[in-house]
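One structure below.
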There are 2 protein chains.
Amino acid sequence: MVSKKRDNRASGRVTLDDVALAAGVSRMTVSRALRGDRKVAPELVARAIQAANRLGYVPDPAARALASSKSSHVAILIPLLSNQLFVDLLEGVQRTLLPTGYQTLMGVTHYDASEEEQLLKGYLMHRPAGLLVTGSEHSESTKQLIAKSGIPCVHLMETLAQDGIYSVGFSQRDAARVVTQHLIDTGRRRIAFAAAQLDPRTLQRAHGYRDCLKEAGLYDATLEWQNPAPSSLKIGSTMFEQILSIRPRVDAIFFCNDDLAQGGLLAALRMGIKVPRQVSIAGFNDLPGSAEFVPSLTTIKTPRWEIGVRAAKMLLQLMRGEPVAEPNVDLGFELVLRQSTAVA
Amino acid sequence: MVSKKRDNRASGRVTLDDVALAAGVSRMTVSRALRGDRKVAPELVARAIQAANRLGYVPDPAARALASSKSSHVAILIPLLSNQLFVDLLEGVQRTLLPTGYQTLMGVTHYDASEEEQLLKGYLMHRPAGLLVTGSEHSESTKQLIAKSGIPCVHLMETLAQDGIYSVGFSQRDAARVVTQHLIDTGRRRIAFAAAQLDPRTLQRAHGYRDCLKEAGLYDATLEWQNPAPSSLKIGSTMFEQILSIRPRVDAIFFCNDDLAQGGLLAALRMGIKVPRQVSIAGFNDLPGSAEFVPSLTTIKTPRWEIGVRAAKMLLQLMRGEPVAEPNVDLGFELVLRQSTAVA
DNA sequence: CTGAAAGCGCTTACAG
DNA sequence: CTGAAAGCGCTTACAG
């Protein structure tokens, strides 16, 4: 029995040297075998893996990070967690990354460019292996930081087609067009657009709304309502009341997010305005509750969970240095027809 | 000009040695000065800090973790992110921890004990400096893992008073009593309890409901409805319909979470049942939308953001080895009276 | 294909 | 109070 010589600083954990000793090979061979590095004799790989399992070896992420200058962290920056949209996105990412051994560091930017920058700086000093950021609009220095870091990065939620930029999302603009066209198709003519938060994706939806109405010859700039306040049921109620009091003949409202639309539905209820008979209402994102509301809410179902999964997979390829066949993935969307826009 | 001798493995980052060189002291002195270790001459501290700032020195977390066997990570385990409650909790934690340099690793357990255990194991191999877990009920091996790890841990959301256990929360049971008593006080006699998910805290609320009705001599076990499905507007609607169809004379329903109550409110609307005239409805947590609903929802406002902040502060003390004056903090709750339980 | 050496950037433990 | 030495547990880079 050879008792291991151990300094009193040892952490007590099973190390590569322990496994090497047990397997009768060098530390390096175990290291390579366990990471699946090529050029290790199959027999030695087997011995190493067996010994590692027997001893319950778990690699130390800190040591690995220090030696290789690569961490097992993936940082993800999202605007909010109070919108279920981003919760689903995050779940998709975590589900995909967790089994691969990567740890997710999640930062909430609150739609604030300087908060985003601060968070990014914080994550960058941990030298994450990969980066996931929401959207394409960022402060100049945020973009610089990402580019200079050389760390693989995938952009979420939007469709981009820039060289060297990776993204998974869908066309916010097209989705808004589809909603607007549906309102036109169901006989509406005075269609308002109600937006809050005014983040980049909301503004892209505003474009889609505008495009569609202009093509139909129905565009009226005074029917576009934008409120920079954070999106909420409450602000949706307020906006509904405003719109109807100032423009009582409006016959449809496209809210840029379901929480606003739900608030609008509640305001209509309080005001005794019939939906969809008098005003037809559509939302965006198909958030929890929209199918249960009275009336149920027509909306766009967005593939945020799938975006999370797909983006994480793409990032995995990038982190491994594998080629990415499709750097800009469009996952589409789906118009969900419900009572709130039924033909009057 | 002395050019630094650098191996080609160097990461290019500014290291402690660079700072030491610039400050004209040893690496150790800089290390101690920067960490605020005692027993460094004030003048040298100043020089070290100045040099560090000038060079833009940022300590490498991996190196620090490896050398000290202590990471800068705090792991937090929460059941869900789709309940705003936990989002607020997490925000409170992040807000408090971020400026201190600790990174948060967040894991979602989905109310699943084995998922919780898996996540915990994953985090433990990163040797986090601290642990934050939701509630007090965990699998035996989860408890063992936490205890054996020796890592400081604070329990969230509940009030506990066990030796050696740290917690920040409020009494779920008392809060439920207060709601129930309010329903009694407003003249209700056939008060149903509708619960979903059936997690520990929900069951504690059931106890409070039961206690209160028993004391009032109004308890009827057949008015307790428990559905193990995840809490949602939809399940709340379903439960409301069930309760009213089977027990049409019920005059109040206490839903254990606001999303259920909101669903109940919508079901009542669809069924043409007047709230609060025929049935009074109360919820729990004061989630977004509850103040805007029609009618607005009476509920318990829970201090989850404050719980996050306070728990993070307590954990900080524990991680620094400082004494904790109050190991079990009760942050209370507030009954918010709204229209849904107004006197008929 | 395998391994001995050196090093990643920090902190611990020990002298002085 | 300060510093030289050694080490944390791994991987890179280089020989063989």
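Going by the structure tokens order, chains are called A, B, ..., each with residues numbered from 1, while ligands are numbered from 1 in the order shown.
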
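Using only C-alpha atoms (C1' of nucleotides), we find that the part of chain C lying within 7 Å of chain B comprises DG9, DC10 and DT11 of chain C.
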
Next, write the just-selected residues to a file, as an mmCIF file, in the first residue's frame, keeping N, CA, C and O atoms (P, O5', C5', C4', C3', O3' and C1' of nucleotides) as the atom set.
```cif
data_model
loop_
_atom_site.group_PDB
_atom_site.id
_atom_site.type_symbol
_atom_site.label_atom_id
_atom_site.label_comp_id
_atom_site.auth_asym_id
_atom_site.auth_seq_id
_atom_site.Cartn_x
_atom_site.Cartn_y
_atom_site.Cartn_z
ATOM 1 P P DG C 9 -1.467 33.731 -17.033
ATOM 2 O "O5'" DG C 9 -2.015 33.999 -15.567
ATOM 3 C "C5'" DG C 9 -3.406 33.897 -15.332
ATOM 4 C "C4'" DG C 9 -3.642 33.849 -13.848
ATOM 5 C "C3'" DG C 9 -3.037 35.014 -13.068
ATOM 6 O "O3'" DG C 9 -4.027 35.495 -12.182
ATOM 7 C "C1'" DG C 9 -2.421 32.968 -12.093
ATOM 8 P P DC C 10 -3.895 36.820 -11.332
ATOM 9 O "O5'" DC C 10 -3.997 36.338 -9.851
ATOM 10 C "C5'" DC C 10 -4.981 35.955 -9.170
ATOM 11 C "C4'" DC C 10 -4.810 34.662 -8.388
ATOM 12 C "C3'" DC C 10 -4.406 34.810 -6.929
ATOM 13 O "O3'" DC C 10 -5.580 35.056 -6.169
ATOM 14 C "C1'" DC C 10 -3.401 32.887 -7.952
ATOM 15 P P DT C 11 -5.456 35.647 -4.699
ATOM 16 O "O5'" DT C 11 -5.116 34.358 -3.827
ATOM 17 C "C5'" DT C 11 -6.015 33.255 -3.830
ATOM 18 C "C4'" DT C 11 -5.408 32.150 -2.994
ATOM 19 C "C3'" DT C 11 -5.165 32.544 -1.538
ATOM 20 O "O3'" DT C 11 -5.645 31.466 -0.754
ATOM 21 C "C1'" DT C 11 -3.154 31.741 -2.494
#
```

(request) Dump as a VMD selection string the residues of chain B that approach chain A to within 8 Å, counting only C-alpha atoms. (result) chain B and resid 11 58 60 to 63 65 to 66 69 81 to 82 84 87 103 to 106 125 to 126 232 to 234 237 263 266 269 to 270 288 to 289 292 to 294

(request) Please indicate the distance in Å from atom CA of Lys274 of chain A to atom CA of Thr186 of chain A, rounded to one decimal place. (result)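 Taking atom CA of Lys274 of chain A as the start and atom CA of Thr186 of chain A as the end point, the length is 16.0 Å.
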
(request) Would you return as a ChimeraX atom specification the members of segment 31-140 of chain A that DSSP assigns to helix (DSSP H, G or I) on this structure's backbone? (result) /A:31-35,42-55,61-68,84-100,113-124,140

(message) Neighbouring residues of Thr142 of chain B were defined as those with any atom within 12 Å, considering only C-alpha atoms (C1' of nucleotides); residues of the same chain fewer than 5 positions away were excluded. Please report them as an NGL selection string.
(response) :B and (77 or 112-121 or 124 or 133 or 136-137 or 147-149)

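Atom CA of Thr302 of chain B lies 5.3 Å from atom CA of Asn285 of chain B.
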
(request) Considering only C-alpha atoms (C1' of nucleotides), return as number ranges by chain whatever protein or nucleic-acid residues lie within 10 Å of DG3 of chain D, sequence-local ones (same chain, fewer than 4 positions apart) excluded. (result) B: 25-29; C: 15-16

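Using only C-alpha atoms (C1' of nucleotides), the protein and nucleic acid residues lying no more than 7 Å from segment 153-155 of chain B, apart from those fewer than 3 places from it along its own chain, are Gly130, Leu131, Leu132, Val133, Thr134, Gly135, Ser136, Tyr166, Ser167, Val168, Ala311 and Leu315 of chain B.
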
(request) Quote the spacing between atom CA of Thr159 of chain B and atom CA of Ser171 of chain B in Å to one decimal place. (result) 5.6 Å

(message) Just list as a PyMOL selection string whatever in segment 18-80 of chain B DSSP marks as strand (DSSP E).
(response) chain B and resi 73-78
